[in-house]
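Inspection log for the structure reproduced underneath, given as structure tokens.
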Amino acid sequence: MTSRPQIMTGKTCLVTGANSGIGKVTARRLAEMGGRVVMVCRSRERGQRSLDEIRRSNGDARLELLCCDLSSQKAIRNLAMEFIERYDRLHVLVNNAGLMMRRRALTEDGLESTFAVNHLAYFLLTNLLLDVIKISAPARIVNVASIAHMTGTINFDDLQCEKSYSGMVAYRQSKLANILFTYELARRLERTRVTVNCLHPGVIATNIARDMPKVVDLALRAFFSSPEKGADTTVYLASSPEVEGVTGKYFDDLEETRSNEESYNKDVARRLWEVSARLAGLAT
């Protein structure tokens, strides 16, 4: 086990998509730093397997498992309720889980899957946990986005890709939505000592392209970097004293950098917030 400074001792962290890839590495490293880590996974079996694997390498790891299908708003609400019943603090929320769909598919709520999982799940879960995050301040929210947002745009006339569908176009839109959400939430949380930042993790070999043809998935894995490298910026934003108090920023390879120009449009951000709240059944 790598010896890491115990800077997360006494802190409770929640990481979504923690059974594999960047999420799993993030959960392991935060636990190595002394954090109490709640791993959110879709599959209890896979989640437990990953939790057990981390514990084998670090017997002192404080890890717990909650299960949630993040494509389901009912499941997200149940997750938030279960977390609040079990824990009275949340110092770090890492919204990490995501997907890329080759074909258009709908969730049980009738929403396009990429938009629902990659954006609305971040939006809904964060808002449902916001009260416990605020009372835990100083606290941090970290949203895993992607450099793919640079060529994305928010198409309010076709957010659900009903008129036409491209897996990459839907993905780019969802990742831009992550960044707009980050900036707008940071503005709304001014003077609360809760920071919100987002990041590009690098071009990483994870399960995000699992819906793509097998040959494409294998080719990507051979070319891309490892989840170990991909988790560096996520863990940095979740734990480093260097970014204490930094909020409303986009990071790439541990460095603050500019996101695409549309991401700074406050009118677009506010409109996306209002639409997202309506789709998620939350008050604006």
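Residues in the structure tokens are numbered from 1 in each chain, the chains being A, B, ... in the order shown, and ligands are numbered from 1 in the order shown.
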So that I can see what lies close to Val235 of chain A, please list as a list in words the residues with an atom at most 7 Å from it, counting only C-alpha atoms and leaving out residues fewer than 4 positions away in the same chain.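 After dropping sequence-adjacent residues, the list is Thr26, Ala231 and Ser239 of chain A.
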Residues near Met33 of chain A, cut-off 10 Å, only C-alpha atoms, skip fewer than 3 positions along chain, as a list in words: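 So, after excluding close chain neighbours, the residues are Thr2, Ser3, Arg4, Pro5, Gln6, Ile7, Met8, Thr9, Lys11, Arg28, Arg29, Leu30, Arg36, Ala61 and Ser239 of chain A.
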Write out as a ChimeraX atom specification each polymer residue whose atoms come within 8 Å of Leu66 of chain A, counting only C-alpha atoms; drop sequence neighbours fewer than 2 positions from it. /A:38-41,44,64,68,79
Selection export as a PDB file, in the first residue's frame, atoms kept: N, CA and C atoms:
ATOM      1  N   VAL A  38     -17.790   6.389   1.206  1.00  0.00           N
ATOM      2  CA  VAL A  38     -19.001   5.686   0.803  1.00  0.00           C
ATOM      3  C   VAL A  38     -18.929   5.481  -0.706  1.00  0.00           C
ATOM      4  N   MET A  39     -18.841   4.237  -1.118  1.00  0.00           N
ATOM      5  CA  MET A  39     -18.752   3.892  -2.531  1.00  0.00           C
ATOM      6  C   MET A  39     -20.161   3.663  -3.078  1.00  0.00           C
ATOM      7  N   VAL A  40     -20.549   4.437  -4.079  1.00  0.00           N
ATOM      8  CA  VAL A  40     -21.863   4.264  -4.706  1.00  0.00           C
ATOM      9  C   VAL A  40     -21.678   3.494  -6.002  1.00  0.00           C
ATOM     10  N   CYS A  41     -22.332   2.348  -6.092  1.00  0.00           N
ATOM     11  CA  CYS A  41     -22.189   1.466  -7.246  1.00  0.00           C
ATOM     12  C   CYS A  41     -23.564   0.989  -7.691  1.00  0.00           C
ATOM     13  N   ARG A  44     -24.503  -4.312  -6.575  1.00  0.00           N
ATOM     14  CA  ARG A  44     -24.007  -4.653  -5.240  1.00  0.00           C
ATOM     15  C   ARG A  44     -22.870  -5.665  -5.328  1.00  0.00           C
ATOM     16  N   GLU A  64     -17.603   1.925   2.879  1.00  0.00           N
ATOM     17  CA  GLU A  64     -18.965   1.432   2.969  1.00  0.00           C
ATOM     18  C   GLU A  64     -19.597   1.499   1.586  1.00  0.00           C
ATOM     19  N   CYS A  68     -26.987   2.189  -6.196  1.00  0.00           N
ATOM     20  CA  CYS A  68     -27.918   3.098  -6.859  1.00  0.00           C
ATOM     21  C   CYS A  68     -27.757   3.008  -8.364  1.00  0.00           C
ATOM     22  N   LEU A  79     -31.206   6.849  -2.584  1.00  0.00           N
ATOM     23  CA  LEU A  79     -29.801   6.910  -2.182  1.00  0.00           C
ATOM     24  C   LEU A  79     -29.566   8.085  -1.242  1.00  0.00           C
TER      25      LEU A  79
END
Please list as an MDAnalysis selection string every residue within 8 Å of Asp252 of chain A, counting only C-alpha atoms and excluding residues in the same chain fewer than 3 positions away. chainID A and resid 199:202 233 255:257
Shell around Met81 of chain A at 12 Å using only C-alpha atoms, local window under 2 positions removed, as a list in words: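 Counting only C-alpha atoms, the residues come to Leu66, Cys68, Lys74, Ala75, Ile76, Arg77, Asn78, Leu79, Phe83, Ile84, Glu85, Arg86, Tyr87, Asp88, Leu125, Leu128, Leu129 and Val132 of chain A.
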Please run DSSP on the backbone and report, as a PDB file with C-alpha atoms, in the first residue's frame, all residues within segment 2-226 of chain A that come out as strand (DSSP E).
ATOM      1  CA  THR A  12     -16.762  11.537   5.073  1.00  0.00           C
ATOM      2  CA  CYS A  13     -16.615  11.205   1.291  1.00  0.00           C
ATOM      3  CA  LEU A  14     -19.091   9.884  -1.265  1.00  0.00           C
ATOM      4  CA  VAL A  15     -17.884   8.701  -4.675  1.00  0.00           C
ATOM      5  CA  THR A  16     -20.257   7.632  -7.442  1.00  0.00           C
ATOM      6  CA  ARG A  36     -14.400   7.429   5.457  1.00  0.00           C
ATOM      7  CA  VAL A  37     -15.510   6.612   1.916  1.00  0.00           C
ATOM      8  CA  VAL A  38     -19.001   5.686   0.803  1.00  0.00           C
ATOM      9  CA  MET A  39     -18.752   3.892  -2.531  1.00  0.00           C
ATOM     10  CA  VAL A  40     -21.863   4.264  -4.706  1.00  0.00           C
ATOM     11  CA  CYS A  41     -22.189   1.466  -7.246  1.00  0.00           C
ATOM     12  CA  ARG A  62     -13.005   2.807   6.120  1.00  0.00           C
ATOM     13  CA  LEU A  63     -15.222   1.864   3.226  1.00  0.00           C
ATOM     14  CA  GLU A  64     -18.965   1.432   2.969  1.00  0.00           C
ATOM     15  CA  LEU A  65     -21.206   0.550   0.042  1.00  0.00           C
ATOM     16  CA  LEU A  66     -24.469   2.046  -1.163  1.00  0.00           C
ATOM     17  CA  CYS A  67     -26.172   0.898  -4.347  1.00  0.00           C
ATOM     18  CA  VAL A  92     -16.538  15.542  -0.105  1.00  0.00           C
ATOM     19  CA  LEU A  93     -18.962  14.597  -2.879  1.00  0.00           C
ATOM     20  CA  VAL A  94     -17.367  13.238  -6.059  1.00  0.00           C
ATOM     21  CA  ASN A  95     -19.808  12.999  -8.962  1.00  0.00           C
ATOM     22  CA  ALA A 139     -16.709  20.886   2.167  1.00  0.00           C
ATOM     23  CA  ARG A 140     -16.036  20.134  -1.486  1.00  0.00           C
ATOM     24  CA  ILE A 141     -18.019  19.025  -4.516  1.00  0.00           C
ATOM     25  CA  VAL A 142     -16.036  17.612  -7.424  1.00  0.00           C
ATOM     26  CA  ASN A 143     -17.672  17.003 -10.807  1.00  0.00           C
ATOM     27  CA  VAL A 144     -15.854  14.805 -13.319  1.00  0.00           C
ATOM     28  CA  VAL A 194     -18.569  24.795   0.124  1.00  0.00           C
ATOM     29  CA  THR A 195     -16.420  24.717  -2.996  1.00  0.00           C
ATOM     30  CA  VAL A 196     -17.429  23.268  -6.367  1.00  0.00           C
ATOM     31  CA  ASN A 197     -14.933  22.421  -9.093  1.00  0.00           C
ATOM     32  CA  CYS A 198     -14.853  20.261 -12.199  1.00  0.00           C
ATOM     33  CA  LEU A 199     -12.165  18.564 -14.232  1.00  0.00           C
ATOM     34  CA  HIS A 200     -11.026  16.701 -17.289  1.00  0.00           C
TER      35      HIS A 200
END
Using only C-alpha atoms for the distances, tell me which of A:Asn19, A:Ser174, A:Thr182, A:Asn155 is nearest to Asn118 of chain A.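 Residue with the minimum atom-to-atom distance to Asn118 of chain A: A:Ser174.
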Mind listing the alpha helix (DSSP H) residues of segment 98-213 of chain A, per DSSP on the backbone, as a ChimeraX atom specification? /A:113-115,121-135,167-188
As an exercise, work out the distance from atom CA of Met168 of chain A to atom CA of Ser50 of chain A in Å and give it to one decimal place. 29.0 Å
Show which residues sit within 12 Å of Leu159 of chain A, as a ChimeraX atom specification. Count only C-alpha atoms, and ignore same-chain residues fewer than 2 positions away. /A:111-116,119-120,153-157,161-165,169-174,177,272,275-276,279
